[in-house]
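> Structure provided below as structure tokens; questions to follow.
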Amino acid sequence: QSELLRKKREFEQRMRKCNEKEKELAEKQQKIRESVVHFEKFVKENDVKRARAMKKERDEINACKQKEQEIIALRQELQQQSEKKEQITHTLNKLLVYDAYLERLLEYSEDFHEVNDILRRHATLQASNSDLGASVEEGLKAAEERRIELNTYMKDAEKKMLLITSKIAQYQQLSDQLRLENEKLEQAQLYKESQIMEKKREQGEAKMAIHNIFSRCVTIGMSKPKENEMKKVLDFIQQRMIDLGDICRMKDHPEVREYMKSHKG
């Protein structure tokens with residue numbers, strides 16, 4: 001009677017330990033599942049941030065390309081204005097030739113002593129040469145207006161080029177920052193994926209070890225659960241270990257020894 005009570009207490013102790021281990025195992029599995037869910041959520045958030053950063057980088061690159069095209073257009077326009085300036089300067093030089101010509105004419109002419117004499121003579125001929133005089137005046141006026149306009153435009157163009165150059169430098173700096181942030185996000189993504197794979201590998205090894213123990217505990221003709229029912233498999237292994245422990249202890253019982261000796265003889 002005392003032996004049975006002792007075995008009952010030992011069996012209850014073993015059951016309590018098994019229940020505690022089963023509870024610890026369930027808690028660990030729950031923590032693993034929660035960790036996997038957390039990592040998957042974190043990975044999804046990183047994917048969204050990465051996509052947003054890549055879109056922003058593409059927008060900045062497109063903006064830089066657009067500004068570069070604007071710079072090219074401004075340079076072409078500046079080149080055209082420079083060519084126009086050269087043309088106007090060339091026309092002005094041609095018109096100034098007339099003034100120099102009058103001064104030199106006084107040196108070689110006996111009929112004119114002053115430029116005014118020539119101008120008065122010119123006034124008498126102005127009826128036939130009015131078109132030429134008007135065109136000279138308009139040319140000089142247009143040349144001056146073009147010169148002022150060109151100087152103003154060149155100053156504005158220089159300011160615009162400085163402003164665009166500054167913006168391009170800012171966009172380039174922002175693009176470099178976005179690229180570095182994108183690289184950091186990719187590294188974090190790879191690290192999280194490796195952590196998830198490691199967790200899955202550990203779970204796989206644990207399941208494999210359980211299935212190995214399960215296959216060693218199963219004997220022919222024995223009622224057994226399916227291998228995909230992990231809770232029943234663990235309960236089966238636990239019960240089988242208890243049974244084997246009881247068998248090992250029972251072999252030392254006096255009645256069992258006597259029975260084994262009698263049958264052995």
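Following the order of the structure tokens, chains are lettered A, B, ..., residues in each are numbered from 1, and ligands are numbered from 1.
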Compile the contact shell of Glu144 in chain A as a PyMOL selection string: residues with an atom at most 12 Å away, counting only C-alpha atoms, same-chain residues fewer than 5 positions apart removed.
chain A and resi 85+88-89+91-92+137-139+149-151
> Could you write out the selected residues, including C-alpha atoms, as a PDB file, in the first residue's frame?

ATOM      1  CA  LYS A  85      25.172  91.742 -79.642  1.00  0.00           C
ATOM      2  CA  ILE A  88      24.593  95.146 -83.339  1.00  0.00           C
ATOM      3  CA  THR A  89      28.166  96.128 -82.433  1.00  0.00           C
ATOM      4  CA  THR A  91      26.378  97.658 -87.292  1.00  0.00           C
ATOM      5  CA  LEU A  92      27.319 100.422 -84.830  1.00  0.00           C
ATOM      6  CA  GLU A 137      19.259 107.281 -86.659  1.00  0.00           C
ATOM      7  CA  GLU A 138      17.071 104.268 -86.153  1.00  0.00           C
ATOM      8  CA  GLY A 139      20.098 102.015 -86.312  1.00  0.00           C
ATOM      9  CA  GLU A 149      18.531  95.093 -73.248  1.00  0.00           C
ATOM     10  CA  LEU A 150      21.416  92.663 -73.686  1.00  0.00           C
ATOM     11  CA  ASN A 151      23.199  93.881 -70.554  1.00  0.00           C
TER      12      ASN A 151
END
> Give one line per residue of range 11-84 of chain A that approaches range 180-196 of chain A to at most 8 Å, naming the two atoms of the closest pair and their distance in Å to one decimal, counting only C-alpha atoms; sort by chain then ascending residue number and deliver it as JSON lines.

{"residue": "A:Val36", "atom": "CA", "partner": "A:Ile196", "partner_atom": "CA", "distance": 6.7}
{"residue": "A:Phe39", "atom": "CA", "partner": "A:Lys192", "partner_atom": "CA", "distance": 6.9}
{"residue": "A:Val43", "atom": "CA", "partner": "A:Gln189", "partner_atom": "CA", "distance": 6.4}
{"residue": "A:Asn46", "atom": "CA", "partner": "A:Leu185", "partner_atom": "CA", "distance": 6.8}
{"residue": "A:Arg50", "atom": "CA", "partner": "A:Asn182", "partner_atom": "CA", "distance": 6.3}
{"residue": "A:Ala53", "atom": "CA", "partner": "A:Asn182", "partner_atom": "CA", "distance": 6.7}
{"residue": "A:Met54", "atom": "CA", "partner": "A:Asn182", "partner_atom": "CA", "distance": 7.4}
> How would the residues just chosen look if you wrote them out with N, CA and C atoms as a PDB file, in the first residue's frame?

ATOM      1  N   VAL A  36       7.502  36.524 -34.630  1.00  0.00           N
ATOM      2  CA  VAL A  36       7.409  36.418 -36.097  1.00  0.00           C
ATOM      3  C   VAL A  36       6.419  37.447 -36.633  1.00  0.00           C
ATOM      4  N   PHE A  39       8.051  40.845 -36.511  1.00  0.00           N
ATOM      5  CA  PHE A  39       9.045  41.016 -37.578  1.00  0.00           C
ATOM      6  C   PHE A  39       8.385  41.207 -38.938  1.00  0.00           C
ATOM      7  N   VAL A  43       8.876  44.378 -41.278  1.00  0.00           N
ATOM      8  CA  VAL A  43       9.363  44.239 -42.661  1.00  0.00           C
ATOM      9  C   VAL A  43       8.430  44.965 -43.623  1.00  0.00           C
ATOM     10  N   ASN A  46       8.982  48.624 -43.363  1.00  0.00           N
ATOM     11  CA  ASN A  46      10.221  48.992 -44.047  1.00  0.00           C
ATOM     12  C   ASN A  46      10.048  49.005 -45.549  1.00  0.00           C
ATOM     13  N   ARG A  50      10.732  52.163 -47.782  1.00  0.00           N
ATOM     14  CA  ARG A  50      11.692  52.047 -48.875  1.00  0.00           C
ATOM     15  C   ARG A  50      11.083  52.496 -50.203  1.00  0.00           C
ATOM     16  N   ALA A  53      10.814  56.254 -50.158  1.00  0.00           N
ATOM     17  CA  ALA A  53      12.118  56.885 -50.345  1.00  0.00           C
ATOM     18  C   ALA A  53      12.584  56.786 -51.791  1.00  0.00           C
ATOM     19  N   MET A  54      12.341  55.620 -52.427  1.00  0.00           N
ATOM     20  CA  MET A  54      12.751  55.444 -53.819  1.00  0.00           C
ATOM     21  C   MET A  54      11.952  56.371 -54.732  1.00  0.00           C
TER      22      MET A  54
END
> With only C-alpha atoms as the basis for distance, which of A:Ala169, A:Leu96, A:Arg104, A:Leu125 is at the shortest distance from Glu68 in chain A?
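The answer is A:Ala169, which sits nearest to Glu68 in chain A.
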> With distances taken over only C-alpha atoms, which residue among A:Glu40, A:Gln238, A:His113, A:Glu145 lies nearest Arg16 in chain A?
A:Gln238
> Write out as a list in words which residues come within 12 Å of Asn116 in chain A when counting only C-alpha atoms, dropping same-chain ones fewer than 4 positions away.
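Neighbouring residues, sequence-local ones excluded: Leu102, Glu103, Leu106, Asp111, Phe112, Arg120, Arg121, His122 and Ala123 of chain A.
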> Hey, which of A:Lys160, A:Lys141, A:Arg58, A:Lys200 ends up closest to Glu70 in chain A? Count only C-alpha atoms.
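Counting only C-alpha atoms, the residue closest to Glu70 in chain A is A:Lys160.
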> Work out how far apart CA of His90 in chain A and CA of Arg147 in chain A are and give it in Å to one decimal.
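It comes out at 12.1 Å.
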> To one decimal place in Å, what is the distance between CA of Ser215 in chain A and CA of Lys199 in chain A?
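Between CA of Ser215 in chain A and CA of Lys199 in chain A the gap is 24.3 Å.
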> Write out as an NGL selection string which residues come within 8 Å of Ser175 in chain A when counting only C-alpha atoms, dropping same-chain ones fewer than 5 positions away.
:A and (57 or 60-61)
> Grab the residues selected above and save them as a PDB file, in the first residue's frame with N, CA and C atoms.

ATOM      1  N   GLU A  57      13.312  59.810 -54.325  1.00  0.00           N
ATOM      2  CA  GLU A  57      14.601  59.928 -55.016  1.00  0.00           C
ATOM      3  C   GLU A  57      14.394  60.082 -56.524  1.00  0.00           C
ATOM      4  N   GLU A  60      13.286  63.588 -57.269  1.00  0.00           N
ATOM      5  CA  GLU A  60      14.391  64.540 -57.181  1.00  0.00           C
ATOM      6  C   GLU A  60      15.305  64.430 -58.395  1.00  0.00           C
ATOM      7  N   ILE A  61      15.540  63.205 -58.852  1.00  0.00           N
ATOM      8  CA  ILE A  61      16.385  63.013 -60.040  1.00  0.00           C
ATOM      9  C   ILE A  61      15.725  63.645 -61.260  1.00  0.00           C
TER      10      ILE A  61
END
> Skip Gln172 in chain A itself and residues of its chain fewer than 4 positions away, then list as a list in words all residues within 10 Å of it, counting only C-alpha atoms.
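Residues near the query, excluding close chain neighbours: Glu60, Ile61, Cys64, Ser166, Lys167, Ile168, Asp176, Gln177 and Leu178 of chain A.
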> Excluding His211 in chain A and residues on its chain fewer than 2 positions from it, collect all residues at most 10 Å away from it, counting only C-alpha atoms, and give them as a list in words.
Glu205, Ala206, Lys207, Met208, Ala209, Ile213, Phe214, Ser215, Arg216, Cys217, Glu227, Asn228, Met230, Val233, Leu234 and Ile237 of chain A
> Residues at most 10 Å from Gln81 in chain A, counting only C-alpha atoms, excluding those fewer than 5 positions away in the same chain, as a PyMOL selection string?
chain A and resi 75-76+86-87+146+149-151+153-154
